[in-house]
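Here the structure is laid out as structure tokens; the discussion comes afterwards.
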Amino acid sequence: MPTPPTPFRTVNPSDLKAPDWHAFMVGAVAPRPVAFVSTQDAEGNVNLSPFSFFNCFGSNPPILVFSPANRVRDNSQKHTLKNVREVAECVIHICDYAMVEQMSLASTEYAKGVNEFVKAGFTEVASEQVRPPRVLEAPAAFECVVEQVVELGTNNGAGNLVICRVVLAHFRQDIVLPSGVGIDPHKLDAIARLGGDWYTRASGSSLFEVPKPNRNFGIGIDQLPEHIRTSDILTGNNLGRLANIEQHALPSPEEVTAFRQEPIVSYTLNKFQEDPTQQRQELMQLGKQLLEEGRLPDAWKVLLLAAG
């Protein structure tokens, strides 16, 4: 298994200026989903702004939480926070790549009363159960009532948790899975925030699946054969995937022996039969390749053959 990189830089947040610590934290805690939030003040003025201190915290009841933190620069509070204290409702949107530049523009610190829908070129659509409007261009929107605002501090950068309960949701039809339940991540094309000016796009080769361990009772890395567990070819990810297999699903000795007849396996065994060390290395490489192609049973057979 790979050893952790060294050296580390150890940082005590209290030893740094607020902007410097902020850069470390948001740079490392990434990527972060973005809540694109529309709110309304008591006079009916609409505000629209993105927040990357955001996530979902339960589905029954459905709870979303975002945090309009006090500005690191001058400790001032954002219009969104003031608005939800006046009108305890909001709409939280999920943004796709097609709208990321407009979304970023909406984060400009316009004066109170300026409508970011207009400034950023978004289309207002009347919500059905809350007063703030929603963004037509967003692929997903959650109409919410604000259950609670929790102030986490009074200093520059202090968070203010806006705890929201979803009362109605809107999902663009093309992002819904064919089954009618759930969201297709390839169609959603979501964006997320990193540090500085950096974003990431959840699409294409950046999307990958990892089988949930709670579907299996995996044997665990400690139960892997020693030549697999201590391999300098297999990565930690490789070992994790191999170990997420139930005991009964492991290939039998008969299956392993039969797999020797597979063309690529037979070729490897014959080519390096005079050099057992190189043969093992080649089999381990082949097992790694099969594993990364999603062929877990075949990978196991090859890797067991590498034991000699």
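Every chain in the structure tokens has a letter given in the order shown (A, B, ...), and although residue numbers restart at 1 in each chain, ligands are simply numbered from 1 in the order shown.
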Region 21-110 of chain A residues near region 117-135 of chain A within 8 Å, closest pair each, using only C-alpha atoms, as JSON lines:
{"residue": "A:Ser38", "atom": "CA", "partner": "A:Pro132", "partner_atom": "CA", "distance": 6.0}
{"residue": "A:Thr39", "atom": "CA", "partner": "A:Pro132", "partner_atom": "CA", "distance": 5.1}
{"residue": "A:Gln40", "atom": "CA", "partner": "A:Pro132", "partner_atom": "CA", "distance": 5.4}
{"residue": "A:Val46", "atom": "CA", "partner": "A:Pro132", "partner_atom": "CA", "distance": 6.8}
{"residue": "A:Asn47", "atom": "CA", "partner": "A:Phe117", "partner_atom": "CA", "distance": 7.7}
{"residue": "A:Leu48", "atom": "CA", "partner": "A:Phe117", "partner_atom": "CA", "distance": 6.5}
{"residue": "A:Glu89", "atom": "CA", "partner": "A:Val130", "partner_atom": "CA", "distance": 6.1}
{"residue": "A:Cys90", "atom": "CA", "partner": "A:Pro132", "partner_atom": "CA", "distance": 5.8}
{"residue": "A:Val91", "atom": "CA", "partner": "A:Arg134", "partner_atom": "CA", "distance": 6.1}
{"residue": "A:His93", "atom": "CA", "partner": "A:Val135", "partner_atom": "CA", "distance": 7.4}
{"residue": "A:Gln102", "atom": "CA", "partner": "A:Ala120", "partner_atom": "CA", "distance": 5.2}
{"residue": "A:Met103", "atom": "CA", "partner": "A:Ala120", "partner_atom": "CA", "distance": 7.0}
{"residue": "A:Leu105", "atom": "CA", "partner": "A:Ala120", "partner_atom": "CA", "distance": 5.9}
{"residue": "A:Ala106", "atom": "CA", "partner": "A:Ala120", "partner_atom": "CA", "distance": 5.5}
* Excluding same-chain residues fewer than 4 positions from region 284-296 of chain A, what lies within 7 Å of it counting only C-alpha atoms, as a ChimeraX atom specification? -> /A:233-234,280,300,302-303,306
* Closest of A:Leu250, A:Val34, A:Ile228, A:Leu81 to Ala307 (chain A) - atom-to-atom distances counting only C-alpha atoms -> A:Ile228
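Shortest separation to Lys187 (chain A) among A:Ala98, A:Ile264, A:Val162, A:Ala88 occurs at residue A:Ala98, atoms counted being only C-alpha atoms.
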Quick one: everything within 9 Å of Gly196 (chain A), counting only C-alpha atoms, minus sequence neighbours fewer than 2 positions away in the same chain. Send it as a CSV table (one decimal) with all heavy atoms, in the first residue's frame.
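That gives us part13.csv:
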chain,number,residue,atom,x,y,z
A,23,ALA,N,-7.8,30.6,3.0
A,23,ALA,CA,-7.3,30.1,1.7
A,23,ALA,C,-6.9,28.6,1.9
A,23,ALA,O,-7.1,27.8,1.0
A,23,ALA,CB,-6.1,30.9,1.3
A,26,VAL,N,-10.5,26.4,2.4
A,26,VAL,CA,-11.4,26.2,1.2
A,26,VAL,C,-10.6,25.6,0.1
A,26,VAL,O,-11.2,25.0,-0.8
A,26,VAL,CB,-12.0,27.6,0.8
A,26,VAL,CG1,-12.9,28.1,1.9
A,26,VAL,CG2,-11.0,28.6,0.3
A,27,GLY,N,-9.2,25.7,0.1
A,27,GLY,CA,-8.5,25.1,-0.9
A,27,GLY,C,-8.4,23.6,-0.7
A,27,GLY,O,-8.3,22.8,-1.6
A,193,ARG,N,-17.0,24.0,-6.3
A,193,ARG,CA,-16.0,25.1,-5.9
A,193,ARG,C,-14.8,24.5,-5.3
A,193,ARG,O,-14.8,23.6,-4.5
A,193,ARG,CB,-16.7,26.0,-5.0
A,193,ARG,CG,-16.0,27.4,-4.8
A,193,ARG,CD,-16.2,28.3,-6.0
A,193,ARG,NE,-15.8,29.6,-5.7
A,193,ARG,CZ,-14.5,30.0,-5.8
A,193,ARG,NH1,-13.6,29.2,-6.1
A,193,ARG,NH2,-14.2,31.3,-5.4
A,194,LEU,N,-13.6,25.1,-5.6
A,194,LEU,CA,-12.4,24.8,-5.0
A,194,LEU,C,-11.9,26.1,-4.4
A,194,LEU,O,-12.7,27.0,-4.2
A,194,LEU,CB,-11.4,24.2,-5.9
A,194,LEU,CG,-11.7,22.7,-6.4
A,194,LEU,CD1,-12.6,22.8,-7.7
A,194,LEU,CD2,-10.4,22.0,-6.7
A,198,TRP,N,-10.8,28.7,-8.6
A,198,TRP,CA,-10.9,27.4,-9.2
A,198,TRP,C,-12.3,26.8,-9.0
A,198,TRP,O,-12.9,26.8,-7.9
A,198,TRP,CB,-9.8,26.5,-8.7
A,198,TRP,CG,-8.5,26.8,-9.2
A,198,TRP,CD1,-7.5,27.5,-8.6
A,198,TRP,CD2,-8.0,26.5,-10.5
A,198,TRP,NE1,-6.4,27.7,-9.4
A,198,TRP,CE2,-6.7,27.0,-10.6
A,198,TRP,CE3,-8.5,25.8,-11.6
A,198,TRP,CZ2,-5.9,26.9,-11.7
A,198,TRP,CZ3,-7.7,25.6,-12.7
A,198,TRP,CH2,-6.4,26.2,-12.8
A,199,TYR,N,-12.8,26.1,-10.0
A,199,TYR,CA,-14.0,25.3,-10.0
A,199,TYR,C,-13.6,23.9,-10.6
A,199,TYR,O,-12.6,23.8,-11.2
A,199,TYR,CB,-15.1,25.9,-10.8
A,199,TYR,CG,-15.8,27.1,-10.2
A,199,TYR,CD1,-15.2,28.4,-10.3
A,199,TYR,CD2,-17.0,27.0,-9.6
A,199,TYR,CE1,-15.8,29.5,-9.7
A,199,TYR,CE2,-17.6,28.1,-9.0
A,199,TYR,CZ,-17.0,29.4,-9.1
A,199,TYR,OH,-17.6,30.4,-8.6
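For Ser67 (chain A), the list of residues within 9 Å, based on only C-alpha atoms and with local chain neighbours fewer than 4 positions off taken out, reads A:Phe51, A:Ser52, A:Phe53, A:Phe54, A:Leu81, A:Gly159, A:Asn160, A:Leu161, A:Val162, A:Ile163.
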* To do: Using DSSP on the backbone coordinates, identify the residues of region 32-198 of chain A assigned to alpha helix (DSSP H); present them as a PyMOL selection string.
  => chain A and resi 79-86+100-105+116-120+185-188
Given the selection you just returned, output its residues as a file containing N, CA and C atoms, formatted as an mmCIF file, in the first residue's frame.
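again-v1.cif, freshly written:
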data_model
loop_
_atom_site.group_PDB
_atom_site.id
_atom_site.type_symbol
_atom_site.label_atom_id
_atom_site.label_comp_id
_atom_site.auth_asym_id
_atom_site.auth_seq_id
_atom_site.Cartn_x
_atom_site.Cartn_y
_atom_site.Cartn_z
ATOM 1 N N HIS A 79 -26.241 40.144 2.051
ATOM 2 C CA HIS A 79 -27.662 40.437 1.911
ATOM 3 C C HIS A 79 -28.516 39.185 2.074
ATOM 4 N N THR A 80 -28.002 38.038 1.628
ATOM 5 C CA THR A 80 -28.766 36.795 1.743
ATOM 6 C C THR A 80 -29.090 36.499 3.197
ATOM 7 N N LEU A 81 -28.101 36.651 4.074
ATOM 8 C CA LEU A 81 -28.318 36.377 5.488
ATOM 9 C C LEU A 81 -29.351 37.328 6.074
ATOM 10 N N LYS A 82 -29.237 38.597 5.733
ATOM 11 C CA LYS A 82 -30.211 39.569 6.237
ATOM 12 C C LYS A 82 -31.609 39.255 5.710
ATOM 13 N N ASN A 83 -31.686 38.825 4.449
ATOM 14 C CA ASN A 83 -32.996 38.552 3.860
ATOM 15 C C ASN A 83 -33.699 37.379 4.532
ATOM 16 N N VAL A 84 -32.971 36.268 4.789
ATOM 17 C CA VAL A 84 -33.651 35.102 5.366
ATOM 18 C C VAL A 84 -34.067 35.369 6.805
ATOM 19 N N ARG A 85 -33.459 36.363 7.422
ATOM 20 C CA ARG A 85 -33.915 36.746 8.755
ATOM 21 C C ARG A 85 -35.190 37.576 8.680
ATOM 22 N N GLU A 86 -35.392 38.253 7.544
ATOM 23 C CA GLU A 86 -36.619 39.035 7.360
ATOM 24 C C GLU A 86 -37.739 38.186 6.767
ATOM 25 N N VAL A 100 -22.220 28.519 -15.178
ATOM 26 C CA VAL A 100 -21.274 28.832 -14.117
ATOM 27 C C VAL A 100 -20.756 30.267 -14.190
ATOM 28 N N GLU A 101 -20.526 30.809 -15.374
ATOM 29 C CA GLU A 101 -20.014 32.177 -15.485
ATOM 30 C C GLU A 101 -21.067 33.192 -15.035
ATOM 31 N N GLN A 102 -22.325 32.954 -15.412
ATOM 32 C CA GLN A 102 -23.393 33.849 -14.960
ATOM 33 C C GLN A 102 -23.584 33.742 -13.451
ATOM 34 N N MET A 103 -23.495 32.510 -12.937
ATOM 35 C CA MET A 103 -23.618 32.304 -11.498
ATOM 36 C C MET A 103 -22.529 33.076 -10.758
ATOM 37 N N SER A 104 -21.295 32.995 -11.270
ATOM 38 C CA SER A 104 -20.197 33.710 -10.636
ATOM 39 C C SER A 104 -20.433 35.216 -10.661
ATOM 40 N N LEU A 105 -20.953 35.716 -11.757
ATOM 41 C CA LEU A 105 -21.250 37.138 -11.869
ATOM 42 C C LEU A 105 -22.230 37.589 -10.794
ATOM 43 N N GLU A 116 -29.907 40.556 -8.802
ATOM 44 C CA GLU A 116 -28.874 39.797 -9.517
ATOM 45 C C GLU A 116 -29.443 38.946 -10.643
ATOM 46 N N PHE A 117 -30.738 38.643 -10.619
ATOM 47 C CA PHE A 117 -31.349 37.972 -11.770
ATOM 48 C C PHE A 117 -31.117 38.817 -13.022
ATOM 49 N N VAL A 118 -31.292 40.108 -12.862
ATOM 50 C CA VAL A 118 -31.137 41.025 -13.993
ATOM 51 C C VAL A 118 -29.667 41.182 -14.350
ATOM 52 N N LYS A 119 -28.829 41.414 -13.344
ATOM 53 C CA LYS A 119 -27.404 41.638 -13.587
ATOM 54 C C LYS A 119 -26.737 40.436 -14.252
ATOM 55 N N ALA A 120 -27.138 39.217 -13.828
ATOM 56 C CA ALA A 120 -26.503 38.007 -14.344
ATOM 57 C C ALA A 120 -27.260 37.403 -15.525
ATOM 58 N N PRO A 185 -25.934 11.812 -13.299
ATOM 59 C CA PRO A 185 -24.845 12.775 -13.117
ATOM 60 C C PRO A 185 -24.238 13.242 -14.433
ATOM 61 N N HIS A 186 -24.301 12.395 -15.468
ATOM 62 C CA HIS A 186 -23.764 12.798 -16.771
ATOM 63 C C HIS A 186 -24.620 13.910 -17.388
ATOM 64 N N LYS A 187 -25.918 13.859 -17.154
ATOM 65 C CA LYS A 187 -26.811 14.888 -17.689
ATOM 66 C C LYS A 187 -26.802 16.141 -16.821
ATOM 67 N N LEU A 188 -26.588 15.964 -15.518
ATOM 68 C CA LEU A 188 -26.594 17.119 -14.617
ATOM 69 C C LEU A 188 -25.423 18.055 -14.913
#
* Asked: Excluding same-chain residues fewer than 2 positions from Thr257 (chain A), what lies within 10 Å of it counting only C-alpha atoms, as a PyMOL selection string?
  -> chain A and resi 251-255+259-261+301-302+304-305
Find the residues near region 167-179 of chain A: any atom within 7 Å, counting only C-alpha atoms, skip ones fewer than 5 places away on the same chain, and give them as a short mmCIF file (atom, residue, chain, number, x, y, z; two decimals) with N, CA, C and O atoms, in the first residue's frame.
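To be explicit, this is the file written out as out_10.cif:
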data_model
loop_
_atom_site.label_atom_id
_atom_site.label_comp_id
_atom_site.auth_asym_id
_atom_site.auth_seq_id
_atom_site.Cartn_x
_atom_site.Cartn_y
_atom_site.Cartn_z
N PRO A 139 -30.79 23.51 -13.45
CA PRO A 139 -31.35 22.18 -13.69
C PRO A 139 -32.10 21.60 -12.49
O PRO A 139 -32.88 20.67 -12.65
N ALA A 140 -31.85 22.13 -11.30
CA ALA A 140 -32.55 21.67 -10.11
C ALA A 140 -32.77 22.84 -9.17
O ALA A 140 -31.90 23.70 -9.03
N ALA A 141 -33.94 22.88 -8.56
CA ALA A 141 -34.27 23.97 -7.63
C ALA A 141 -35.09 23.42 -6.48
O ALA A 141 -36.01 22.61 -6.70
N PHE A 142 -34.76 23.86 -5.28
CA PHE A 142 -35.46 23.41 -4.08
C PHE A 142 -36.11 24.61 -3.40
O PHE A 142 -35.40 25.50 -2.91
N GLU A 143 -37.41 24.65 -3.39
CA GLU A 143 -38.11 25.69 -2.63
C GLU A 143 -38.05 25.30 -1.16
O GLU A 143 -38.36 24.17 -0.78
N CYS A 144 -37.62 26.23 -0.32
CA CYS A 144 -37.35 25.93 1.09
C CYS A 144 -37.95 26.94 2.04
O CYS A 144 -38.06 28.14 1.71
N ASP A 184 -29.33 11.69 -13.23
CA ASP A 184 -28.22 11.20 -14.05
C ASP A 184 -27.07 12.19 -13.93
O ASP A 184 -27.18 13.33 -14.41
N LYS A 187 -25.92 13.86 -17.15
CA LYS A 187 -26.81 14.89 -17.69
C LYS A 187 -26.80 16.14 -16.82
O LYS A 187 -26.99 17.25 -17.32
N LEU A 188 -26.59 15.96 -15.52
CA LEU A 188 -26.59 17.12 -14.62
C LEU A 188 -25.42 18.06 -14.91
O LEU A 188 -25.59 19.27 -14.92
#
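Close contacts of Arg73 (chain A), defined as residues with an atom at most 12 Å away when counting only C-alpha atoms, with chain neighbours fewer than 2 positions off set aside, comprise A:Lys17, A:Ala18, A:Pro19, A:Asp20, A:His22, A:Ala69, A:Asn70, A:Arg71, A:Asn75, A:Ser76, A:Gln77, A:Asn155, A:Asn156, A:Gly157, A:Ala158.
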Output C-alpha atoms for every residue in that selection, as a short mmCIF file (atom, residue, chain, number, x, y, z; two decimals), in the first residue's frame.
data_model
loop_
_atom_site.label_atom_id
_atom_site.label_comp_id
_atom_site.auth_asym_id
_atom_site.auth_seq_id
_atom_site.Cartn_x
_atom_site.Cartn_y
_atom_site.Cartn_z
CA LYS A 17 -4.57 35.90 9.63
CA ALA A 18 -8.20 35.13 8.74
CA PRO A 19 -7.70 35.45 4.95
CA ASP A 20 -4.65 33.17 5.01
CA HIS A 22 -9.46 30.83 4.76
CA ALA A 69 -20.24 33.47 6.26
CA ASN A 70 -19.29 36.92 7.48
CA ARG A 71 -16.99 38.51 4.92
CA ASN A 75 -16.68 41.08 8.82
CA SER A 76 -19.78 42.50 7.14
CA GLN A 77 -22.83 40.30 6.60
CA ASN A 155 -15.42 37.21 13.80
CA ASN A 156 -14.33 37.68 10.20
CA GLY A 157 -15.23 34.52 8.30
CA ALA A 158 -17.61 33.19 10.96
#
